[in-house]
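Student: Here you go, one structure.
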Amino acid sequence: AVTALVTTEGFRDSLEIGYEARFDQYDLNLEKCPPLVPRRRRITVGERIGPAGEVLRPLEETALPALAREIAAAGVESIAIGFLHAYANAAHELRAADLLGRLLPGLPISLSSEVCPEIREYERLSTTVANAYVQPRMASYLAALAADLAAQGLACPLFLVTSAGGITTLDAAVRFPIRLVESGPSGGAALAAVTAEQNGERRVLSYDMGGTTAKICLIDDFRATTAREFEAARTARFAKGSGLPLRIPVVEMIEIGAGGGSIASIDALRRVTVGPASAGPEPGPACYGRGGGSPTVTDADLLLGRLDPGRFAEGRLHLDAEAAGATLADAVACPLGLDGQAAAQAVCEMVDEAMANAARVHAVEHARDLRDATMIAFGGAGPLHAGRLAEKLGIARVIVPGGPGVGSAIGFLSMPISYEVVHSRYMTLAGFSAPDAQAVLDRLVATAEGVVAAAAPDLPRQVRRSILMRYVGQGHELEIELPEGPLTAATADALRSRHAARYAELYGRAMPEGELELLTWAVTVSTPRPPIVPVVRVETTETPAPTAQRAVVDPGSNIAVTTP
C-alpha cells in the first residue's frame, strides 16, 4: 500500500539511516534495501517524549490538519505513526491517531506503541512501517476469505498461523499482519517439535528443504528456538544486515537459497553455484518435461538415482532423465570437463555443504554440539539430502515423518492458540522494583489473555513470562524466563542466578560482579498444545521385501550401488 510515516520532528531520516553500517564493507556497488516509505512521505510533527516517558515537548496538535491534507494529497492508503520513545509513553501517538482518524476517516493507522513497543528506534519504525505497508491488502484479503468461507457454509472459526509458531484470531491478524511474515516455515518447526516429542528426542536439528530454500532450526526439549528479530527483503539474499529488520516473535531459523527448484550454474571463477534463482513450479526442473531449460537440484537428484522416475508424484508425473542430463551437461558438465554423474554430484555437494556450514555456525552461536542431536528431515527435497547432511554434521540418527512434503501444513494442526505481547520498561537489577514490574506484567497478561480468550473462551490457558536482560555496556540481551508467581524482592536474586547460568552456557563464563539491566518484558498466553500421540514401536526381525531396486550413487565412494 502507499504508506506515509508520521514521526518526531528531526527524525525523518531514521528509517533510511538505519544502523549506519554496511553489510559488505568491500562492495563498492553495495545496494541497501530501500525503505518502504520514500522521504517525501515521511512527515514530521513537533513533539518529544523522553526515555523515561516524560513529556519534553507537547504534541503540536494544531499542525495535524495541514499534515492530514498533505497525506491525502499524496494518495496515501495507510499511515504508520512512530514517535521517539513511544514505547515508554504512548500518549502522543494515541492522540495523533485519534485526530488523524477523524480528519482521514477509513484510513488504517499503525502505531509503533502497539505494533512494537520496544526500545531501538530503527527496528521499531521499520516494523511499524512494514505492518502499515501490508495491512490494507491483508485486511481486504482476509475479509474476503472469511466471507467466502461463510458463504460456503463453513461456520467454524478461522485462524491464522503466526511466525512464532502459534495460531491467532482473524482480528489480530488483520490488525498486526506483520506477525504472519514467516508463518509457513514455523509450521515445519512445529512438526519437528511434535515428531521429537513422539520419539523422545530432546536434542533435534530440524531440516526443511523445499523448492527454493532450505531451513534449519534447533529443537531443544521439544520446543523450537525462538528469536525477537527477523530480517525481510534482503538485497543480498542471505547477507545479514541487507534487509529490513522486523522486531516480531519468530521461530529462529537459518536458511540458504537452495531447494529442489534452485538453478545450478557456473560463476565467473568457474565454480559450481546453486540458487538463489529458481525454476519455480512452472516450468519447473528440466526433468518435469514442461519446458524448463535450466538444470536444478531436482535434476541432479534424479541423475544420482535418488528419485524414481516412474513413481514420482504417485506416478502422475514421469521424470525425464534425458532432459535433466542434457541441461546439466550444457550448464555444468561441459564447461568444467566433467561427466554427467560428477556434475550432478557437484551440484548436490554444493547444496549439502552450504547447509552443513550454516548449521555448524548456527549451532556454535547457540552453544550446541550437533553430534548428539537427531535430525528430523521433511519438505519436498529434505529427505533426499538428509543422509549426506547428517554425515557431514556427524549426526547418527535421521527421522523422516509421514507426509514430509506437506510437513508445514501438518505442523499447523499441532499449534496452540497463542499470543505474545512485549513492552520495554527499563530498570537496573540493583534498583529492581517488584511493584512496577508486576504492573507491567499484569497489563501484558491482560492484553494477551483477551486475544486468546476471544479465540478459545472454553480452553485452559498457560502464561509464560520472560525478561530481556544484559550486562551494563552490552548492546544486546538474553531472554530469561521469570519465576512463577507474583514478583517480589527475591525475584531479583533469581534473575541474577538464571542470567548467569544462561550466559555461562552460551559464552563459557559469567560475570558475577557485573551490573544487570532489565529492558523488555514479554508475556505469551497460549492454550495447551493438542495431545501428542506417541509412536508405537514394532519390534520385528523380519526384513520387509523391497518394492523395487535401482542404482543410487553413494556420495562417499562415488559409485552407483544397487539399492533396494
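Residues are named by chain letter and number: chains run A, B, ... in the order of the C-alpha cells, numbers start at 1 in each chain, and ligands are numbered from 1 in the order shown.
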I'd like the contact shell of Leu5 in chain A - 8 Å cut-off, only C-alpha atoms, skipping same-chain residues fewer than 2 positions apart - returned as a short mmCIF file (atom, residue, chain, number, x, y, z; two decimals) with N, CA and C atoms, in the first residue's frame.
Tutor:
```cif
data_model
loop_
_atom_site.label_atom_id
_atom_site.label_comp_id
_atom_site.auth_asym_id
_atom_site.auth_seq_id
_atom_site.Cartn_x
_atom_site.Cartn_y
_atom_site.Cartn_z
N THR A 3 2.16 4.15 1.61
CA THR A 3 2.23 4.35 3.06
C THR A 3 2.93 5.65 3.40
N THR A 7 6.35 10.96 12.11
CA THR A 7 7.33 10.75 13.16
C THR A 7 7.74 12.07 13.80
N VAL A 37 8.88 3.48 2.86
CA VAL A 37 8.28 4.81 2.71
C VAL A 37 9.35 5.77 2.20
N ARG A 41 7.20 11.03 1.72
CA ARG A 41 6.03 10.64 2.50
C ARG A 41 6.38 10.36 3.96
N ARG A 42 7.58 10.80 4.37
CA ARG A 42 7.94 10.74 5.79
C ARG A 42 7.74 12.14 6.35
N ILE A 43 6.73 12.29 7.17
CA ILE A 43 6.26 13.61 7.62
C ILE A 43 6.49 13.74 9.12
N ILE A 79 -1.24 4.60 7.14
CA ILE A 79 -0.38 5.50 7.91
C ILE A 79 0.33 4.72 9.01
N ALA A 80 1.61 4.98 9.16
CA ALA A 80 2.38 4.48 10.31
C ALA A 80 2.77 5.68 11.17
N ILE A 81 2.52 5.58 12.47
CA ILE A 81 2.91 6.64 13.40
C ILE A 81 3.97 6.07 14.34
N GLY A 82 5.15 6.70 14.34
CA GLY A 82 6.23 6.23 15.20
C GLY A 82 6.98 7.40 15.80
N VAL A 129 6.26 0.47 10.07
CA VAL A 129 6.04 0.81 8.66
C VAL A 129 5.70 -0.44 7.85
#
```
Student: Could you name the residues that touch Glu420 in chain A at 7 Å or less, counting only C-alpha atoms, but leaving out those on the same chain fewer than 3 positions away, as a ChimeraX atom specification?
Tutor: /A:448,523-525
Student: May I ask for the distance between CA of Glu515 in chain A and CA of Pro117 in chain A, given in Å to one decimal place?
Tutor: 24.5 Å
Student: Out of A:Tyr26, A:Leu205, A:Val76, A:Ala501, which residue has the shortest atom-to-atom distance to Arg371 in chain A when counting only C-alpha atoms?
Tutor: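 For Arg371 in chain A, the nearest of the given residues is A:Leu205.
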Student: Give me, as a PyMOL selection string, all polymer residues having an atom no more than 9 Å from Ser262 in chain A, counting only C-alpha atoms and skipping those fewer than 2 positions away in the same chain.
Tutor: chain A and resi 211-213+257-260+264+274-280+285+295-298
Student: Export, as a PDB file, in the first residue's frame, the selected residues with C-alpha atoms.
Tutor:
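Saved as result.pdb:
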```pdb
ATOM      1  CA  GLY A 211      11.531 -25.786  -3.731  1.00  0.00           C
ATOM      2  CA  THR A 212      13.556 -22.606  -3.232  1.00  0.00           C
ATOM      3  CA  THR A 213      15.187 -22.648   0.205  1.00  0.00           C
ATOM      4  CA  GLY A 257      18.860 -20.230  -1.115  1.00  0.00           C
ATOM      5  CA  ALA A 258      18.856 -23.797  -2.338  1.00  0.00           C
ATOM      6  CA  GLY A 259      15.836 -26.042  -2.842  1.00  0.00           C
ATOM      7  CA  GLY A 260      14.688 -28.620  -5.325  1.00  0.00           C
ATOM      8  CA  ALA A 264      22.729 -24.649 -10.919  1.00  0.00           C
ATOM      9  CA  VAL A 274      23.281 -23.204  -6.785  1.00  0.00           C
ATOM     10  CA  GLY A 275      20.483 -20.631  -6.362  1.00  0.00           C
ATOM     11  CA  PRO A 276      19.095 -18.268  -5.369  1.00  0.00           C
ATOM     12  CA  ALA A 277      17.409 -18.212  -8.824  1.00  0.00           C
ATOM     13  CA  SER A 278      14.723 -20.882  -9.071  1.00  0.00           C
ATOM     14  CA  ALA A 279      12.891 -22.638 -11.904  1.00  0.00           C
ATOM     15  CA  GLY A 280       9.696 -22.257  -9.902  1.00  0.00           C
ATOM     16  CA  PRO A 285      13.044 -28.522 -13.341  1.00  0.00           C
ATOM     17  CA  PRO A 295      19.432 -27.603 -14.515  1.00  0.00           C
ATOM     18  CA  THR A 296      18.146 -27.733 -10.961  1.00  0.00           C
ATOM     19  CA  VAL A 297      18.865 -29.667  -7.774  1.00  0.00           C
ATOM     20  CA  THR A 298      15.941 -31.983  -8.592  1.00  0.00           C
TER      21      THR A 298
END
```
Student: Where in range 343-511 of chain A does DSSP assign alpha helix (DSSP H), given as a count of residues only?
Tutor: 80
Student: From the options A:Arg509, A:Arg470, A:Arg12, A:Arg22, which residue's atoms come nearest to Phe83 in chain A, counting only C-alpha atoms?
Tutor: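 Distance minimum relative to Phe83 in chain A lands on A:Arg12.
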Student: I'd like the neighbourhood of Ile395 in chain A as a PDB file with N, CA and C atoms, in the first residue's frame, where a residue qualifies if any of its atoms comes within 7 Å (using only C-alpha atoms), though same-chain residues fewer than 6 positions away should be ignored.
Tutor:
```
ATOM      1  N   LEU A 370      26.116 -30.591  17.632  1.00  0.00           N
ATOM      2  CA  LEU A 370      25.150 -31.320  16.808  1.00  0.00           C
ATOM      3  C   LEU A 370      25.402 -32.822  16.780  1.00  0.00           C
ATOM      4  N   ARG A 371      26.551 -33.250  17.251  1.00  0.00           N
ATOM      5  CA  ARG A 371      26.847 -34.682  17.196  1.00  0.00           C
ATOM      6  C   ARG A 371      25.943 -35.493  18.115  1.00  0.00           C
ATOM      7  N   ASP A 372      25.337 -34.856  19.114  1.00  0.00           N
ATOM      8  CA  ASP A 372      24.413 -35.588  19.976  1.00  0.00           C
ATOM      9  C   ASP A 372      22.958 -35.305  19.607  1.00  0.00           C
ATOM     10  N   ALA A 373      22.743 -34.699  18.454  1.00  0.00           N
ATOM     11  CA  ALA A 373      21.388 -34.363  18.022  1.00  0.00           C
ATOM     12  C   ALA A 373      20.850 -35.407  17.049  1.00  0.00           C
ATOM     13  N   THR A 374      19.537 -35.421  16.907  1.00  0.00           N
ATOM     14  CA  THR A 374      18.849 -36.219  15.901  1.00  0.00           C
ATOM     15  C   THR A 374      18.309 -35.273  14.842  1.00  0.00           C
TER      16      THR A 374
END
```
Student: Hey, what's within 12 Å of Ala21 in chain A if we count only C-alpha atoms and toss same-chain stuff fewer than 6 positions away? As a list in words, please?
Tutor: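 Neighbouring residues, sequence-local ones excluded: Leu30, Lys32, Lys240, Gly241 and Ser242 of chain A.
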Student: Using only C-alpha atoms, which of A:Ser14, A:Ser183, A:Gln198, A:Thr235 sits nearest Met415 in chain A?
Tutor: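 With only C-alpha atoms as the atom set, the closest residue is A:Ser183.
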Student: Give me every strand (DSSP E) residue in range 182-368 of chain A, going by DSSP on the backbone, as a PyMOL selection string.
Tutor: chain A and resi 203-209+214-220+223-224+226-227+230-232+244-246+250-251+254-256+262-266+272-278
Student: Smallest atom-to-atom distance to Arg95 in chain A: which of A:Met138, A:Val561, A:Val115, A:Leu59, using only C-alpha atoms?
Tutor: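 Nearest candidate to Arg95 in chain A out of A:Met138, A:Val561, A:Val115, A:Leu59: A:Leu59.
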